[in-house]
$ cat work-v9.txt   # compact mmCIF, C-alpha atoms
# COMPACT_ATOMS: atom_id res chain seq x y z
CA ILE C 180 0.00 0.00 0.00
CA ASP C 181 2.98 2.31 0.62
CA LYS C 182 3.88 2.07 -3.08
CA PHE C 183 0.37 3.27 -3.97
CA TYR C 184 0.57 6.11 -1.43
CA ASP C 185 3.98 7.09 -2.80
CA ALA C 186 2.60 7.18 -6.36
CA VAL C 187 -0.28 9.42 -5.27
CA TYR C 188 2.09 11.59 -3.23
CA ARG C 189 4.36 12.13 -6.24
CA ALA C 190 1.41 12.77 -8.56
CA ILE C 191 0.03 15.50 -6.29
CA LEU C 192 3.47 17.03 -5.90
CA THR C 193 3.95 17.09 -9.67
CA HIS C 194 0.54 18.09 -10.94
CA VAL C 195 -1.19 20.20 -8.27
CA PRO C 196 -0.22 23.93 -8.37
CA PHE C 197 -0.78 24.87 -4.74
CA ASP C 198 -0.10 28.52 -5.50
CA LYS C 199 -3.40 28.48 -7.42
CA VAL C 200 -5.37 25.65 -5.77
CA LYS C 201 -7.40 26.63 -2.70
CA VAL C 202 -8.69 23.19 -1.69
CA CYS C 203 -7.47 19.65 -2.38
CA LEU C 204 -10.13 16.99 -1.73
CA VAL C 205 -8.98 13.50 -0.75
CA GLY C 206 -11.67 10.85 -0.66
CA SER C 207 -12.02 7.10 -0.22
CA PRO C 208 -14.18 4.44 1.39
CA GLY C 209 -13.26 3.58 4.96
CA PHE C 210 -10.08 5.01 6.47
CA GLN C 211 -7.77 4.92 3.46
CA LYS C 212 -7.98 8.70 3.05
CA ASP C 213 -6.96 9.19 6.68
CA ASP C 214 -4.07 6.74 6.38
CA PHE C 215 -2.90 8.42 3.17
CA PHE C 216 -3.01 11.89 4.72
CA LYS C 217 -0.94 10.67 7.69
CA TYR C 218 1.53 9.21 5.19
CA LEU C 219 1.65 12.48 3.26
CA LEU C 220 2.33 14.55 6.37
CA ALA C 221 5.05 12.20 7.65
CA GLU C 222 6.74 11.90 4.25
CA SER C 223 6.61 15.63 3.58
CA VAL C 224 8.57 16.22 6.79
CA ARG C 225 11.02 13.40 6.07
CA ARG C 226 11.59 14.55 2.47
CA GLU C 227 11.43 18.22 3.38
CA ASP C 228 8.75 18.89 0.75
CA ARG C 229 7.75 22.32 1.97
CA VAL C 230 4.92 22.65 -0.53
CA PHE C 231 2.96 20.03 1.43
CA ILE C 232 4.02 21.32 4.83
CA GLU C 233 2.96 24.87 3.98
CA ASN C 234 -0.31 23.82 2.33
CA LYS C 235 -1.49 20.98 4.57
CA GLY C 236 -4.47 23.10 5.60
CA LYS C 237 -5.79 22.95 2.03
CA PHE C 238 -6.42 19.20 2.22
CA VAL C 239 -10.00 18.16 3.02
CA LEU C 240 -10.78 14.50 3.73
CA CYS C 241 -14.05 13.23 2.26
CA HIS C 242 -15.99 9.98 2.45
CA ALA C 243 -16.73 8.26 -0.85
CA SER C 244 -18.59 5.03 -1.52
CA SER C 245 -15.91 3.81 -3.94
CA GLY C 246 -12.66 4.76 -5.60
CA HIS C 247 -14.26 5.32 -8.98
CA LYS C 248 -14.40 8.75 -10.61
CA HIS C 249 -18.18 9.04 -10.39
CA ALA C 250 -17.93 8.95 -6.59
CA ILE C 251 -16.49 12.47 -6.73
CA GLU C 252 -20.07 13.70 -7.18
CA GLU C 253 -20.79 12.51 -3.62
CA PHE C 254 -18.33 15.06 -2.25
CA PHE C 255 -20.44 17.92 -3.50
CA LEU C 256 -23.63 16.62 -1.91
CA ASP C 257 -22.07 17.05 1.51
CA PRO C 258 -22.80 20.58 2.84
CA ASN C 259 -19.75 20.41 5.10
CA ILE C 260 -17.52 19.82 2.10
CA MET C 261 -19.21 22.52 0.04
CA SER C 262 -18.70 25.02 2.85
CA ARG C 263 -14.94 24.43 2.53
CA VAL C 264 -14.90 25.07 -1.19
CA THR C 265 -17.44 27.89 -1.32
CA GLU C 266 -14.94 30.44 -2.60
CA THR C 267 -13.31 28.22 -5.19
CA LYS C 268 -13.82 28.37 -8.92
CA LEU C 269 -15.04 24.77 -8.94
CA SER C 270 -17.75 25.48 -6.40
CA LYS C 271 -19.02 28.41 -8.45
CA GLU C 272 -19.10 26.25 -11.58
CA ILE C 273 -21.09 23.53 -9.80
CA GLU C 274 -23.49 26.11 -8.42
CA VAL C 275 -24.14 27.72 -11.82
CA LEU C 276 -24.50 24.33 -13.54
CA ASN C 277 -27.04 23.23 -10.93
CA LYS C 278 -28.92 26.49 -11.45
CA PHE C 279 -28.98 25.89 -15.21
CA MET C 280 -30.30 22.35 -14.76
CA ARG C 281 -33.06 23.57 -12.43
CA LEU C 282 -34.09 26.28 -14.90
CA LEU C 283 -34.11 23.73 -17.71
CA ASP C 284 -36.81 21.86 -15.78
CA THR C 285 -38.78 24.80 -14.38
CA HIS C 286 -38.22 27.75 -16.76
CA PRO C 287 -36.74 26.41 -20.02
CA GLU C 288 -37.28 29.78 -21.71
CA LYS C 289 -34.41 31.09 -19.51
CA ALA C 290 -32.04 28.13 -20.05
CA TYR C 291 -30.58 27.69 -23.53
CA TYR C 292 -28.01 25.21 -24.77
CA GLY C 293 -26.40 24.46 -28.10
CA TYR C 294 -24.39 26.99 -30.10
CA PHE C 295 -27.20 28.42 -32.22
CA HIS C 296 -29.64 28.91 -29.36
CA VAL C 297 -26.95 30.48 -27.21
CA GLN C 298 -25.68 32.70 -30.01
CA LYS C 299 -29.19 33.96 -30.73
CA ALA C 300 -29.66 34.76 -27.03
CA ASN C 301 -26.36 36.64 -27.10
CA GLU C 302 -27.55 38.69 -30.07
CA GLU C 303 -30.55 39.70 -27.93
CA LEU C 304 -28.19 40.76 -25.07
CA ALA C 305 -29.99 38.21 -22.92
CA ILE C 306 -27.11 36.12 -21.51
CA ASP C 307 -26.42 36.49 -17.81
CA SER C 308 -24.14 33.45 -17.46
CA LEU C 309 -22.37 31.50 -20.21
CA LEU C 310 -21.32 27.93 -19.41
CA ILE C 311 -18.79 26.49 -21.84
CA SER C 312 -16.61 23.38 -21.94
CA ASP C 313 -12.87 23.68 -22.44
CA GLU C 314 -13.20 20.79 -24.91
CA LEU C 315 -14.67 23.20 -27.46
CA PHE C 316 -11.45 25.23 -27.48
CA ARG C 317 -9.53 22.07 -28.41
CA SER C 318 -11.59 21.27 -31.49
CA PRO C 319 -9.42 20.15 -34.43
CA ASP C 320 -11.36 22.59 -36.61
CA ILE C 321 -9.92 26.11 -36.46
CA LEU C 322 -13.16 27.84 -37.41
CA THR C 323 -15.03 25.94 -34.68
CA ARG C 324 -12.53 27.07 -32.06
CA LYS C 325 -12.69 30.60 -33.39
CA LYS C 326 -16.47 30.90 -33.16
CA TYR C 327 -16.47 29.79 -29.51
CA VAL C 328 -13.67 32.23 -28.65
CA GLU C 329 -15.68 35.00 -30.30
CA LEU C 330 -18.80 33.94 -28.39
CA VAL C 331 -16.96 34.13 -25.06
CA GLU C 332 -15.55 37.57 -25.87
CA SER C 333 -18.91 38.86 -27.03
CA VAL C 334 -20.73 37.67 -23.90
CA ARG C 335 -18.12 39.32 -21.68
CA GLU C 336 -18.31 42.57 -23.65
CA ARG C 337 -22.08 42.58 -23.16
CA GLY C 338 -21.83 42.18 -19.40
CA GLY C 339 -22.29 38.42 -19.06
CA THR C 340 -20.27 36.14 -16.80
CA VAL C 341 -18.35 33.28 -18.44
CA TYR C 342 -17.64 29.95 -16.73
CA VAL C 343 -15.17 27.64 -18.50
CA PHE C 344 -15.68 24.04 -17.35
CA SER C 345 -12.92 21.46 -17.39
CA THR C 346 -13.91 18.12 -18.88
CA MET C 347 -11.48 16.57 -16.41
CA HIS C 348 -14.18 17.18 -13.79
CA VAL C 349 -17.64 15.63 -13.61
CA SER C 350 -19.30 19.04 -13.93
CA GLY C 351 -17.56 19.59 -17.27
CA GLN C 352 -18.58 16.12 -18.40
CA GLN C 353 -22.20 16.88 -17.49
CA LEU C 354 -22.05 20.08 -19.52
CA GLN C 355 -20.66 18.11 -22.47
CA GLN C 356 -23.84 16.02 -22.41
CA VAL C 357 -25.84 19.14 -23.32
CA SER C 358 -23.56 20.17 -26.22
CA GLY C 359 -20.78 21.76 -24.13
CA VAL C 360 -22.24 25.28 -24.27
CA ALA C 361 -25.23 26.64 -22.37
CA ALA C 362 -26.57 29.93 -21.06
CA ILE C 363 -28.69 31.26 -18.22
CA LEU C 364 -30.68 34.22 -19.52
CA ARG C 365 -31.46 37.55 -17.86
CA TYR C 366 -35.00 37.36 -19.19
CA PRO C 367 -37.00 34.70 -21.04
CA LEU C 368 -36.81 34.32 -24.80
CA PRO C 369 -39.85 32.25 -25.74
CA ASP C 370 -39.20 31.94 -29.50
CA LEU C 371 -37.77 28.44 -29.17
CA ASP C 372 -39.63 27.05 -32.18
CA GLU C 373 -37.98 29.57 -34.51
CA LEU C 374 -34.55 28.89 -33.05
CA GLU C 375 -35.08 25.14 -33.40
CA GLU C 376 -35.85 25.63 -37.10
CA ILE C 377 -32.71 27.73 -37.62
CA ALA C 378 -30.54 25.18 -35.81
CA ALA C 379 -32.06 22.28 -37.75
CA ALA C 380 -31.57 24.10 -41.05
CA HIS C 381 -27.90 24.74 -40.26
CA GLU C 382 -27.28 21.15 -39.25
CA ALA C 383 -28.92 20.02 -42.49
CA GLY C 384 -26.59 22.26 -44.47
CA ILE C 385 -29.35 24.60 -45.64
CA VAL C 386 -27.80 27.62 -43.93
CA GLU C 387 -24.27 28.32 -45.07
CA GLU C 388 -21.57 29.84 -42.90
CA GLU C 389 -20.97 33.52 -43.52
CA SER C 390 -17.66 34.60 -45.05
CA ASP C 391 -15.97 37.98 -44.82
CA ASP C 392 -14.37 37.52 -48.19
CA GLU C 393 -15.83 34.99 -50.58
CA GLU C 394 -12.95 35.45 -52.99
CA MET C 395 -10.33 34.14 -50.56
CA SER C 396 -9.10 30.59 -50.94
CA GLU C 397 -10.01 28.09 -48.25
CA GLU C 398 -6.36 27.82 -47.20
CA ALA C 399 -6.09 31.60 -46.82
CA LYS C 400 -9.29 31.71 -44.80
CA LYS C 401 -8.00 29.03 -42.45
CA MET C 402 -4.65 30.75 -41.99
CA ARG C 403 -6.30 34.10 -41.24
CA ALA C 404 -8.81 32.48 -38.90
CA GLU C 405 -6.07 30.62 -37.03
CA ALA C 406 -4.01 33.77 -36.54
CA ARG C 407 -6.99 35.71 -35.20
CA MET C 408 -8.06 32.84 -33.01
CA ARG C 409 -4.62 32.56 -31.40
CA GLU C 410 -4.56 36.30 -30.67
CA GLU C 411 -8.05 36.21 -29.19
CA MET C 412 -7.33 33.15 -27.03
CA ALA C 413 -4.10 34.75 -25.78
CA ASP C 414 -6.06 37.87 -24.81
CA MET C 415 -8.51 35.68 -22.89
CA GLY C 416 -5.72 33.96 -20.99
CA PHE C 417 -5.90 30.58 -22.73
CA ASP C 418 -2.65 28.78 -23.38
CA THR C 419 -2.16 28.52 -27.14

$ encode --input "work-v9.txt" --output "structure tokens"
Amino acid sequence: IDKFYDAVYRAILTHVPFDKVKVCLVGSPGFQKDDFFKYLLAESVRREDRVFIENKGKFVLCHASSGHKHAIEEFFLDPNIMSRVTETKLSKEIEVLNKFMRLLDTHPEKAYYGYFHVQKANEELAIDSLLISDELFRSPDILTRKKYVELVESVRERGGTVYVFSTMHVSGQQLQQVSGVAAILRYPLPDLDELEEIAAAHEAGIVEEESDDEEMSEEAKKMRAEARMREEMADMGFDT
């Protein structure tokens, strides 16, 4: 078991940036989490790993029913755990995603998802919160990445709040299940039937993508789009 603890210890030391992370949740069934944390504290002193010694207060031990990834969701059902991560980015993402899901059930006219619905809501200055998956910024298609970067910038310029979800976390995976982009609106937009028709027409290839310069070659368009996209993502703080 010490070999397993050592592997986890080294992984945390290598991959967790404690200068940015506010809380590190450690969960397991039974007392494995407690035994591991004791191991971590003892080893950090023995190895003189000051990053653990100075940040030991950031570790929160959580009960989980299993060691599988889906058990992470159980952490966030515990109010005691949520109180420890209230100020973290992850907590805010979970809160806004839960709000979106509730609105989808109770007031669907204020909860949009899918690029075309969300973009139309943005054109109406209706977006209060934009929820978007980081997976969309890694699309192999340059123009796809570019349109999501532009959407994020536009929402921010119009006073909306943008939440970028990591697909490494269950909340990001849940968002991916509803297209990877969603919005909570300031006010209801009831014209869903019209938006559905527009989205369906685009998916069927009836609506063509707009082009700033129809005379440009496809290669030139891609090169220009990639250059602009990289500049825009750099301005937004994404690593290009």

$ residues_around --input "work-v9.txt" --residues "range 220-226 of chain C" --least-positions-apart "2" --cutoff "12 Å" --atoms "all atoms listed in the file" --output "list in words"
Asp181, Tyr184, Asp185, Tyr188, Arg189, Ile191, Leu192, Asp213, Asp214, Phe215, Phe216, Lys217, Tyr218, Asp228, Arg229, Val230, Phe231, Ile232, Glu233, Asn234, Lys235, Gly236 and Phe238 of chain C

$ residues_around --input "work-v9.txt" --residues "Val341 in chain C" --least-positions-apart "2" --cutoff "8 Å" --atoms "all atoms listed in the file" --output "VMD selection string"
chain C and resid 308 to 311 331 334 to 335 339 343

$ residues_around --input "work-v9.txt" --residues "Val349 in chain C" --least-positions-apart "5" --cutoff "12 Å" --atoms "all atoms listed in the file" --output "ChimeraX atom specification"
/C:247-255,269,272-273,276,312,344,354-356

$ write_last_selection --input "work-v9.txt" --atoms "C-alpha atoms" --output "PDB file, in the coordinates of the input"
ATOM      1  CA  HIS C 247     -14.260   5.320  -8.980  1.00  0.00           C
ATOM      2  CA  LYS C 248     -14.400   8.750 -10.610  1.00  0.00           C
ATOM      3  CA  HIS C 249     -18.180   9.040 -10.390  1.00  0.00           C
ATOM      4  CA  ALA C 250     -17.930   8.950  -6.590  1.00  0.00           C
ATOM      5  CA  ILE C 251     -16.490  12.470  -6.730  1.00  0.00           C
ATOM      6  CA  GLU C 252     -20.070  13.700  -7.180  1.00  0.00           C
ATOM      7  CA  GLU C 253     -20.790  12.510  -3.620  1.00  0.00           C
ATOM      8  CA  PHE C 254     -18.330  15.060  -2.250  1.00  0.00           C
ATOM      9  CA  PHE C 255     -20.440  17.920  -3.500  1.00  0.00           C
ATOM     10  CA  LEU C 269     -15.040  24.770  -8.940  1.00  0.00           C
ATOM     11  CA  GLU C 272     -19.100  26.250 -11.580  1.00  0.00           C
ATOM     12  CA  ILE C 273     -21.090  23.530  -9.800  1.00  0.00           C
ATOM     13  CA  LEU C 276     -24.500  24.330 -13.540  1.00  0.00           C
ATOM     14  CA  SER C 312     -16.610  23.380 -21.940  1.00  0.00           C
ATOM     15  CA  PHE C 344     -15.680  24.040 -17.350  1.00  0.00           C
ATOM     16  CA  LEU C 354     -22.050  20.080 -19.520  1.00  0.00           C
ATOM     17  CA  GLN C 355     -20.660  18.110 -22.470  1.00  0.00           C
ATOM     18  CA  GLN C 356     -23.840  16.020 -22.410  1.00  0.00           C
TER      19      GLN C 356
END

$ residues_around --input "work-v9.txt" --residues "Ala243 in chain C" --least-positions-apart "6" --cutoff "6 Å" --atoms "only C-alpha atoms" --output "list in words"
Gly206, Ser207, Pro208 and Ala250 of chain C

$ residues_around --input "work-v9.txt" --residues "Tyr366 in chain C" --least-positions-apart "6" --cutoff "10 Å" --atoms "all atoms listed in the file" --output "list in words"
Glu288, Lys289, Ala290, Ala300, Leu304, Ala305, Ile306 and Asp307 of chain C

$ closest_residue --input "work-v9.txt" --among "C:Tyr291, C:Phe197, C:Tyr342, C:Phe183" --to "Ile363 in chain C" --atoms "all atoms listed in the file"
C:Tyr291

$ atom_distance --input "work-v9.txt" --atom1 "CA of Asp284 in chain C" --atom2 "CA of Glu336 in chain C"
28.9 Å
